[in-house]
Structures are given as C-alpha cells and as structure tokens.
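Undergrad: I'd like to ask you about the structure that follows.
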Amino acid sequence: MVNFGKKLMADQIPEWKGYYINYKLMKKKVKQYGQQLQQGEKDRRRVLKDFSKMLDDQIEKIVLFLLEQQGMLASRIEKLGKQRAILQEQPDISGIAELREAYREVGLDLIKLLKFVDLNATGIRKILKKFDKRFGYRFTDYYVTSRSNHPYSQLQQVFKHVGVGAVVGALSRNLAELQERQGSYLSIYDQPSSALKDPIIDMINSSVDKLTRSTNFLRFLGQHALIVHEESPSTAGEEEIEDQKYHFMSLMLNLVNTFLYMVNTYIIVPTADDYSVSLGAASTVCGVVIGSMAVAQIFSSVYFSAWSNKSYFKPLIFSSIVLFLGNVCYAIAYDMKSLTVLIIGRLLCGMGSARAVNRRYISDCVPARIRMQASAGFVSASALGMACGPALAGLLQWKFKIYMVTFNQATLPGWVMAVAWLLYLVWLSISFKEPNRATELNDATQNPASGQRVDIGQLENGLAQPLLTDSENKQNGDEDEEIDDSEEAVEDSRKPATSIGLAYRLLTPSVKVQLLIYFMLKYAMEILLSESSVITNHYFSWNTSAVAIFLAILGLTVLPVNAVVGTYISNMFEDRQLLMVSQIALLVGIIFSFKVTSTYSVAQYVASALITFVSAEVLEGVNLSLLSSVMSSRLSRGTYNGGLLSTEAGTLARVVADCTITAAGYLGVGKLLNITLLPSLVICAASITCTFLTYNSLF
C-alpha cells in the first residue's frame, strides 16, 4: 500500500502546494503527543486541545483557499456570461466556439479544485483515524460532531463542498445553451431530462459523485446487502479490467437466485402448520420445519463463501440442483406420510443457499460505478421475494391428484419451487459467464497505488491516484520512516482473515454489539413470521389465504419504509441515533404484542406486528451500515468476511427462534405467544443497553 503522505505529495497541484493539509507535520505531532503522554509532559486534555487547534488551523487554511478559488471561478463565469449575451444579439460561429472552449477551461479548473478538496478531506479523515488509533480515544466522533453542527462550520465546506453545485449548474446551463439547438429556444430548465451535455460536465459530475457521500435511498438499500464497495477505478485500464469481469446477464442470474431463494424460504410459512398436522405432528412443529432450512444455511454459507474464491458458476449450479431436490422431497413427503422426508427436504433447501455467492459476485465482478445499484437490487430482490412467497402460497389453494401424487396447498409450494429452480438451472447453464479469474488476479495484484480497497464507511471515495515517479520517490523517501503499525505499512494487517477464529479475534466490542443487534432483530422477525399461522389460527381462526395476505403486506412495507428512511430521515439524523430509536421502537412493538388480558384482538396483533416488522427493517439497514464502518478492513474480503459473519449471526437467530417456537408448543398453543416473545424482549433490552455503552464509538 502506498503511504498517503507520498500520494498527497504526488497528486498536489504545484502552485497550490501551500494550501494543502500538512499531513507530514500532523503525523509527527501525533507521534510527539504519544511520547509526551508517556513521559508525563502533557496530560490528555492538553493534547486534545492542542491537536484540535492545529487541525482547526489546517481546515481554515484549506477552506479560505477553497472559497477564494470558488469566487474566481464564479467571476470568470460571470464575465463569460456577458460575452454570451453579446453573442446572442450578434451571433458569430467562431465566437461561440471560443466561448465554449473558455467555459470548458473553467470546467477543467473546477475539476482541479474538486481533486484539491478530495485530497484534503482524505487527509483530515486519515489523521483523525491515526489519532484515535494511537491514543485509543474516539476523538473523531467529538471533533466531527462539534465542528459540523456549529453554525460557522468550516468542516462542512470541505465535506459538503458547499458552492460547487452552483458553479456546476452555471456551467451546465451555459454550455447547454451554446449547443446547436436546431431552432429550439428551450432552456435546460424547460427540458432537463433531454438537455445535451458537454463531456466536461460529465467529468465534473463524475468527480462530484466520487467526492460526495450522500445518504440517499439507493445507498440506504445498498447498506442492507453489506457488500464491499471498493474505491472507484482511477484509470482507464482499471475500468477496462472491471468491464472484462462484468456480465449483465450473470448479474441478473445472481439477483434472480436471491429472489427465488427468498420466495422458497417464505412460501411455506402460511401452510407449514397444516402440513405438520397432516403428517401427525403438532402444529408448532412448523418451527422445526421452517427452521431446518436455516440450520443447513449456517454450514452452507461457509462452504459457498469459500467456493466463491474459485468459481461462481459451479456453486450456483450446485445450489440450483440441491434446491430442486429439496423442494421435490418437501412435496412428496405428503404422500410418503413422512415428517422426516419433509425436514430433509427443507435441510436440502438450506444447503442450497447461495446468498454468499450472490454477495461475493456483486462485490468482485460488478464495476464500482454501478455496484451500489447492484447492491440495492440485491436487497430489493430479497424484499420482493419475502413478499411474493406468502402471496404465492395464498394463491395455491387447489387440490387434485396425478398418478397417486397429491397436489394441494401443502405440497404445491414445493412443486412450484421445484419447477422454478429447474427452469432457473436451464437458464443459468445457457447464459451465465464465469469471470476471467486471471483478470481478477491481475486486478488484485496490481500496483496498489492504482487499485486499493477501502472501507465501506469512508466519508468519500478517492479520485485519481497516479503513480509516483522515480524522482518523486527519492525526494519523498524520508516519509517511509513515518509509516507505523497503525497504517498500511504492515502487510499482514491488511490480509483477510483466514479462519473463523482469526475473524473472531478481529471483532471489537463495537462490532460484537452490532452483531448482537443483528441477531436480535432477526430473532424478533423470525418469531413474528414463523408463528403467525399458528397464532392467527388460534386467536382469530384465520385461514391460509388470510395469513398469506397478512405476511405479503408485511413484506411489501420493506421498500416504501426504506425509501422514506433512506431519502429523508437518514439525512436528518446520525446512524447511531436511528439505531437507538429503531431498537426502542422494536422493543415497544414486542411489548405491545404480549397477551396480558383475557382477550386478544386483531387490531392489537396487526398493529404490534407492523411496529415490530417495520422497526426491524429500519434497524437492519442502519445496523449493517454501522457494522461496515466499525469492522476491521481485514473482514472486508476473503472467505470469513463481514457479510458471512452477519449472515451467520442472522441465520443462527432464525434457528434459535424456530426451535423456541417448537419447544414452547409443548406447553400449549395458548401460551406460545408470550413464551416466545419473552426472549425477544430480553435480547432487545440487552442490545439497547450494549448500544448505550458503545454509543460514542459508533460513527
């Protein structure tokens, strides 16, 4: 990995050299502060004050220069506007061409300014991270919060690049109006979607996109997937390598696999209790039937994650075959009168869970420029599958026989999914394209200056990263001594975890709390969904269709809720604030679900279920966002990655929840609701307590 100090020196614009963050000086100061604390020359309070003042001075220097340059750009645009007004009255083709070139020169200077902001923003983030690591103190949290929320904030100028949007807008409008409109007198404001774009505007927008970390709906959806988002490629060569690995139809096949698996998971929920009774078991055995799929998924996630290191096509083929066989076993168990065959079928379905492969494919083979869209597609496919599964079960209400094989509401979900997986297998065999592993290896082993991975929780992605020349290496060679254990100099500290034990040792208290929260929300959701058919039948005498409609409605709330949270709420509050509030809302939903009186109404059950489910959905997005921010970069790739750990935590929660339902069923259906809700209540209260204790480390 290239030292950031060298990168900063290499990428600086020479005439602006004195206005960049003095990263080298600040690194030396951080080192001196550490020595002074050890020797007792300064106390912690004095160190924090001195470091804050030094960083404030650096940011002020950057911001004042930024404002000066923005003013110069605005002044140039104003002068060009006067020339444009003259040309409108007295059109001149050569004059228009010269004016367009002048606007483009302004655009190129704006791109230089954006790169200036990007380098300084990265330097600020890195020096804060270095300070936190050396002193074991979450100073970044205090500094960013206190500075960004202040009415005279200068930090906002760096990270929000205030004023750039107005310059971009002015350039876009003027360049568009200089285009040959073939007699049209419409402005870009009249037809914004059809306005012609000058290539320089695309370059500016690309730079702004790399610099901006906006919490919009698409990004919020993408957080649910916990898919590694690398730095955008900085050279045409890197983009070409990414494009060689990318295949649209292969991505679609991964998303369809995700959708079908979620349908397969939830299509049996409305009828699992009736199926269990028809085979001579208690209705609450549905917990074992539903949960057996999750039991197998605990193990399948690991081997699929490891398998995806070598291939994507073969794991998907294996997954489809196993899921086809599993659904056939599930369907024929009715005629065989065998609960064992039923459970074996669900176990086989769990063994075919290729979600680890789907995540890994998006992370490794989808170009960075569309990876967030692919991540959002992964989550949307999961949500749609969750809603379609129960809805489809509600439609499969026929009953007939073909050659001694029974087709009814219990077996049809198995037969339908078996046919779906068979068709998918044929499509997969024809259309999937295995990525070029040689290309992927070259991409992974290229010079890190042009293709380094970064944490998902970065405030912004970097811009172009040109290599250092030999002369620059010699000139800045003394900076090699500055690389310490807290940065990328130690090669082993960047390698992915190679075992589950090593991955566990990399879990900090903050990461463990986030995994606990993920366990809790998945437990609460599984209890709600898996026992819904038993509870609603016992208290309200709902039939299969009514349960299916209820579950489908719950599933359909996922995307609208995420749209509201991702587009509006997450822009007004910090992730950790949303984390705490959504946990409290989930706790309220659980408490409201208890049966404490002699009667239990439909209104109480539906209202509490909606509160619980919606809160859990909001919590999942925020939780995975924070998890990606606080986990070690060594857990961002490899077999034992953060996605696998969260999947295992969630799957284990589903297994425990389904076993709890079956165990509680032995005490009677009348006691099932309160007994299964009690663990949810305890775990939720514990997670809120742990969140409070680690609150200051969540950012």
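Ligands are numbered from 1 in the order shown, residues from 1 within each chain, and chains are lettered A, B, ... in the order they appear in the structure tokens.
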Neighbouring residues of Ala418 of chain A were defined as those with any atom within 10 Å, considering only C-alpha atoms; residues of the same chain fewer than 2 positions away were excluded. Please report them as a list in words.
TA: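 Final neighbour list, sorted by chain and number: Asn264, Ser320, Ile321, Val322, Leu323, Phe324, Leu325, Gly326, Asn327, Val328, Cys329, Tyr330, Ala331, Leu412, Pro413, Gly414, Trp415, Val416, Ala420, Trp421, Leu422, Leu423 and Tyr424 of chain A.
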Undergrad: I need the helix (DSSP H, G or I) residues of segment 457-691 of chain A per DSSP on the backbone, written as a VMD selection string.
TA: chain A and resid 470 to 475 477 to 482 491 to 494 500 to 505 509 to 530 532 to 540 544 to 556 558 to 572 575 to 593 602 to 630 633 to 635 642 to 665 669 to 691
Undergrad: Using only C-alpha atoms, which residue out of A:Arg654, A:Arg147, A:Lys42, A:Arg84 lies closest to Ile59 of chain A?
TA: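 Of the candidates, the smallest distance to Ile59 of chain A is held by A:Arg147.
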Undergrad: Could you check the closest approach to Gly642 of chain A for each of A:Lys512, A:Lys133, A:Lys27, A:Arg46 and tell me which residue wins, using only C-alpha atoms?
TA: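 Selected residue with least distance to Gly642 of chain A: A:Lys512.
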Undergrad: Could you give me the residues within segment 360-426 of chain A that DSSP places in strand (DSSP E or B), as a list in words?
TA: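 After running DSSP on the backbone, segment 360-426 of chain A has strand (DSSP E or B) at Phe400, Lys401, Ile402, Val405, Thr406 and Phe407 of chain A.
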Undergrad: With distances taken over only C-alpha atoms, which residue among A:Ser530, A:Gln32, A:Gln88, A:Asn257 lies nearest Val655 of chain A?
TA: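 Looking only at the distances to Val655 of chain A, the closest residue turns out to be A:Ser530.
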Undergrad: What is the atom CA of Gly643 of chain A to atom CA of Val379 of chain A distance in Å?
TA: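 Atom-to-atom, atom CA of Gly643 of chain A to atom CA of Val379 of chain A, that is 13.3 Å.
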Undergrad: Please provide the set of residues having any atom within 7 Å of segment 580-592 of chain A, restricted to only C-alpha atoms, with same-chain residues fewer than 5 positions apart removed, written as a list of chain:residue names.
TA: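 That gives A:Ser608, A:Ala609, A:Ile611, A:Thr612, A:Ser615, A:Ala616, A:Val618, A:Leu619, A:Leu677, A:Leu681, A:Cys684, A:Ile688.
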Undergrad: Grab the residues selected above and save them as a short mmCIF file (atom, residue, chain, number, x, y, z; two decimals), in the first residue's frame with C-alpha atoms.
TA:
data_model
loop_
_atom_site.label_atom_id
_atom_site.label_comp_id
_atom_site.auth_asym_id
_atom_site.auth_seq_id
_atom_site.Cartn_x
_atom_site.Cartn_y
_atom_site.Cartn_z
CA SER A 608 -47.81 -4.66 17.07
CA ALA A 609 -46.65 -6.82 14.16
CA ILE A 611 -44.38 -1.84 14.54
CA THR A 612 -42.08 -4.80 15.14
CA SER A 615 -38.70 -1.20 13.17
CA ALA A 616 -36.65 -4.31 12.46
CA VAL A 618 -35.16 0.14 9.56
CA LEU A 619 -32.82 -1.26 12.19
CA LEU A 677 -41.91 -13.11 22.96
CA LEU A 681 -37.86 -8.80 24.99
CA CYS A 684 -33.77 -6.43 22.75
CA ILE A 688 -30.19 -1.41 23.81
#
Undergrad: Neighbouring residues of Cys690 of chain A were defined as those with any atom within 9 Å, considering only C-alpha atoms; residues of the same chain fewer than 3 positions away were excluded. Please report them as a list of chain:residue names.
TA: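 With the cut-off at 9 Å, the set is A:Ser510, A:Val513, A:Leu516, A:Ala685, A:Ala686, A:Ser687, A:Leu693, A:Thr694, A:Tyr695.
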Undergrad: Can you tell me which residues surround segment 296-304 of chain A at a distance of at most 8 Å, considering only C-alpha atoms, apart from same-chain residues fewer than 6 positions away, and format the answer as a list in words?
TA: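 Within the cut-off, the hits are Pro315, Leu347, Leu348, Cys349, Gly350, Met351, Gly352, Ser353, Ala354, Arg355, Ala356, Val357, Thr639, Tyr640, Leu644, Thr647, Glu648, Thr651 and Leu652 of chain A.
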Undergrad: Since we have the selection now, will you write its residues out, keeping all heavy atoms, as a tab-separated table (two decimals), in the first residue's frame?
TA:
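New file result_26.tsv:
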chain	number	residue	atom	x	y	z
A	315	PRO	N	-20.82	-23.11	-7.99
A	315	PRO	CA	-21.68	-23.04	-6.80
A	315	PRO	C	-23.14	-22.78	-7.13
A	315	PRO	O	-24.04	-23.33	-6.48
A	315	PRO	CB	-21.07	-21.88	-6.00
A	315	PRO	CG	-19.68	-21.76	-6.48
A	315	PRO	CD	-19.70	-22.16	-7.91
A	347	LEU	N	-33.89	-29.17	4.77
A	347	LEU	CA	-32.45	-29.14	5.01
A	347	LEU	C	-31.69	-29.00	3.69
A	347	LEU	O	-30.72	-28.24	3.59
A	347	LEU	CB	-31.99	-30.39	5.76
A	347	LEU	CG	-32.32	-30.47	7.25
A	347	LEU	CD1	-32.02	-31.85	7.80
A	347	LEU	CD2	-31.53	-29.41	8.04
A	348	LEU	N	-32.14	-29.74	2.68
A	348	LEU	CA	-31.51	-29.64	1.36
A	348	LEU	C	-31.67	-28.23	0.79
A	348	LEU	O	-30.73	-27.69	0.17
A	348	LEU	CB	-32.11	-30.67	0.41
A	348	LEU	CG	-31.67	-32.12	0.60
A	348	LEU	CD1	-32.47	-33.06	-0.31
A	348	LEU	CD2	-30.18	-32.27	0.31
A	349	CYS	N	-32.83	-27.64	1.01
A	349	CYS	CA	-33.04	-26.26	0.54
A	349	CYS	C	-32.05	-25.31	1.21
A	349	CYS	O	-31.50	-24.41	0.57
A	349	CYS	CB	-34.48	-25.81	0.82
A	349	CYS	SG	-35.72	-26.61	-0.23
A	350	GLY	N	-31.84	-25.50	2.50
A	350	GLY	CA	-30.87	-24.67	3.21
A	350	GLY	C	-29.45	-24.90	2.73
A	350	GLY	O	-28.64	-23.96	2.67
A	351	MET	N	-29.13	-26.14	2.36
A	351	MET	CA	-27.79	-26.44	1.84
A	351	MET	C	-27.56	-25.79	0.48
A	351	MET	O	-26.42	-25.65	0.04
A	351	MET	CB	-27.61	-27.96	1.70
A	351	MET	CG	-27.63	-28.72	3.02
A	351	MET	SD	-26.33	-28.21	4.17
A	351	MET	CE	-24.88	-28.84	3.33
A	352	GLY	N	-28.64	-25.37	-0.17
A	352	GLY	CA	-28.50	-24.71	-1.47
A	352	GLY	C	-28.49	-23.20	-1.40
A	352	GLY	O	-28.58	-22.53	-2.43
A	353	SER	N	-28.36	-22.65	-0.20
A	353	SER	CA	-28.36	-21.19	-0.05
A	353	SER	C	-27.08	-20.59	-0.61
A	353	SER	O	-25.99	-20.76	-0.04
A	353	SER	CB	-28.49	-20.81	1.43
A	353	SER	OG	-28.30	-19.43	1.60
A	354	ALA	N	-27.18	-19.88	-1.72
A	354	ALA	CA	-26.01	-19.31	-2.39
A	354	ALA	C	-25.94	-17.79	-2.21
A	354	ALA	O	-25.31	-17.10	-3.02
A	354	ALA	CB	-26.04	-19.65	-3.87
A	355	ARG	N	-26.53	-17.27	-1.15
A	355	ARG	CA	-26.51	-15.82	-0.93
A	355	ARG	C	-25.09	-15.29	-0.76
A	355	ARG	O	-24.79	-14.16	-1.15
A	355	ARG	CB	-27.38	-15.47	0.29
A	355	ARG	CG	-28.86	-15.60	0.00
A	355	ARG	CD	-29.70	-15.41	1.25
A	355	ARG	NE	-29.64	-14.06	1.76
A	355	ARG	CZ	-30.36	-13.03	1.29
A	355	ARG	NH1	-31.18	-13.22	0.26
A	355	ARG	NH2	-30.28	-11.84	1.83
A	356	ALA	N	-24.20	-16.12	-0.19
A	356	ALA	CA	-22.80	-15.70	-0.06
A	356	ALA	C	-22.16	-15.52	-1.44
A	356	ALA	O	-21.36	-14.61	-1.66
A	356	ALA	CB	-22.02	-16.74	0.75
A	357	VAL	N	-22.53	-16.38	-2.37
A	357	VAL	CA	-22.02	-16.27	-3.75
A	357	VAL	C	-22.60	-15.03	-4.42
A	357	VAL	O	-21.89	-14.30	-5.11
A	357	VAL	CB	-22.38	-17.53	-4.57
A	357	VAL	CG1	-21.85	-17.40	-5.99
A	357	VAL	CG2	-21.82	-18.77	-3.91
A	639	THR	N	-12.88	-15.41	2.58
A	639	THR	CA	-13.96	-16.33	2.96
A	639	THR	C	-14.68	-15.87	4.20
A	639	THR	O	-15.92	-15.82	4.25
A	639	THR	CB	-13.38	-17.74	3.18
A	639	THR	OG1	-12.74	-18.18	1.97
A	639	THR	CG2	-14.49	-18.71	3.55
A	640	TYR	N	-13.92	-15.51	5.24
A	640	TYR	CA	-14.52	-15.14	6.52
A	640	TYR	C	-14.66	-13.61	6.58
A	640	TYR	O	-13.96	-12.92	7.32
A	640	TYR	CB	-13.67	-15.66	7.67
A	640	TYR	CG	-13.50	-17.16	7.62
A	640	TYR	CD1	-12.37	-17.74	7.05
A	640	TYR	CD2	-14.50	-18.00	8.11
A	640	TYR	CE1	-12.22	-19.12	6.99
A	640	TYR	CE2	-14.36	-19.38	8.04
A	640	TYR	CZ	-13.23	-19.94	7.48
A	640	TYR	OH	-13.09	-21.30	7.39
A	644	LEU	N	-20.32	-12.67	5.67
A	644	LEU	CA	-20.53	-14.03	6.16
A	644	LEU	C	-20.86	-14.01	7.65
A	644	LEU	O	-21.76	-14.72	8.11
A	644	LEU	CB	-19.28	-14.87	5.92
A	644	LEU	CG	-19.32	-16.29	6.50
A	644	LEU	CD1	-20.40	-17.12	5.82
A	644	LEU	CD2	-17.96	-16.98	6.35
A	647	THR	N	-24.36	-12.88	8.15
A	647	THR	CA	-25.26	-13.94	7.69
A	647	THR	C	-25.36	-15.04	8.73
A	647	THR	O	-26.46	-15.55	9.03
A	647	THR	CB	-24.78	-14.52	6.35
A	647	THR	OG1	-24.79	-13.47	5.37
A	647	THR	CG2	-25.68	-15.65	5.88
A	648	GLU	N	-24.22	-15.44	9.28
A	648	GLU	CA	-24.21	-16.49	10.30
A	648	GLU	C	-24.97	-16.06	11.55
A	648	GLU	O	-25.72	-16.85	12.14
A	648	GLU	CB	-22.77	-16.86	10.66
A	648	GLU	CG	-21.99	-17.52	9.53
A	648	GLU	CD	-22.52	-18.90	9.20
A	648	GLU	OE1	-23.47	-19.00	8.39
A	648	GLU	OE2	-22.01	-19.88	9.74
A	651	THR	N	-28.68	-16.10	10.62
A	651	THR	CA	-29.17	-17.47	10.44
A	651	THR	C	-29.28	-18.19	11.77
A	651	THR	O	-30.25	-18.93	12.02
A	651	THR	CB	-28.24	-18.25	9.50
A	651	THR	OG1	-28.10	-17.52	8.27
A	651	THR	CG2	-28.79	-19.63	9.20
A	652	LEU	N	-28.28	-18.00	12.63
A	652	LEU	CA	-28.33	-18.61	13.97
A	652	LEU	C	-29.54	-18.10	14.74
A	652	LEU	O	-30.21	-18.86	15.45
A	652	LEU	CB	-27.04	-18.29	14.72
A	652	LEU	CG	-26.92	-18.88	16.13
A	652	LEU	CD1	-26.96	-20.41	16.07
A	652	LEU	CD2	-25.62	-18.41	16.80
Undergrad: Counting only C-alpha atoms, which of A:Val534, A:Leu55, A:Met72, A:Val558 gets nearest to Ser276 of chain A?
TA: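 Between A:Val534, A:Leu55, A:Met72, A:Val558, the residue approaching Ser276 of chain A most closely is A:Val534.
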Undergrad: Out of A:Ser52, A:Ser311, A:Ser172, A:Ser375, which residue has the shortest atom-to-atom distance to Phe131 of chain A when counting only C-alpha atoms?
TA: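 Between A:Ser52, A:Ser311, A:Ser172, A:Ser375, the residue approaching Phe131 of chain A most closely is A:Ser52.
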Undergrad: Which is closest to Val30 of chain A among A:Leu392, A:Val117, A:Ile370, A:Ile127, if we use only C-alpha atoms?
TA: A:Ile127
Undergrad: If we count only C-alpha atoms, what is near His538 of chain A at a cut-off of 10 Å, once residues fewer than 5 positions away on the same chain are taken out, given as a list in words?
TA: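 Result of the neighbour search: Ser532, Ser533, Val669 and Gly670 of chain A.
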Undergrad: Residues within 8 Å of Met520 of chain A, please, as an MDAnalysis selection string. Count only C-alpha atoms; anything in the same chain fewer than 2 positions from it doesn't count.
TA: chainID A and resid 516:518 522:524 653 680 683:684 687
Undergrad: Keeping only C-alpha atoms, write those residues as an mmCIF file, in the first residue's frame.
TA:
data_model
loop_
_atom_site.group_PDB
_atom_site.id
_atom_site.type_symbol
_atom_site.label_atom_id
_atom_site.label_comp_id
_atom_site.auth_asym_id
_atom_site.auth_seq_id
_atom_site.Cartn_x
_atom_site.Cartn_y
_atom_site.Cartn_z
ATOM 1 C CA LEU A 516 -25.812 -8.831 18.704
ATOM 2 C CA ILE A 517 -28.283 -6.280 17.354
ATOM 3 C CA TYR A 518 -28.447 -8.147 14.049
ATOM 4 C CA LYS A 522 -33.564 -11.438 13.017
ATOM 5 C CA TYR A 523 -34.781 -13.379 16.064
ATOM 6 C CA ALA A 524 -37.707 -10.991 16.567
ATOM 7 C CA ALA A 653 -31.024 -16.250 15.266
ATOM 8 C CA SER A 680 -37.159 -11.283 22.210
ATOM 9 C CA ILE A 683 -32.404 -9.765 23.978
ATOM 10 C CA CYS A 684 -33.767 -6.434 22.748
ATOM 11 C CA SER A 687 -28.894 -4.869 22.870
#
Undergrad: Could you work out how far atom CA of Ala376 of chain A lies from atom CA of Ile430 of chain A, giving the answer in Å with one decimal?
TA: 25.8 Å
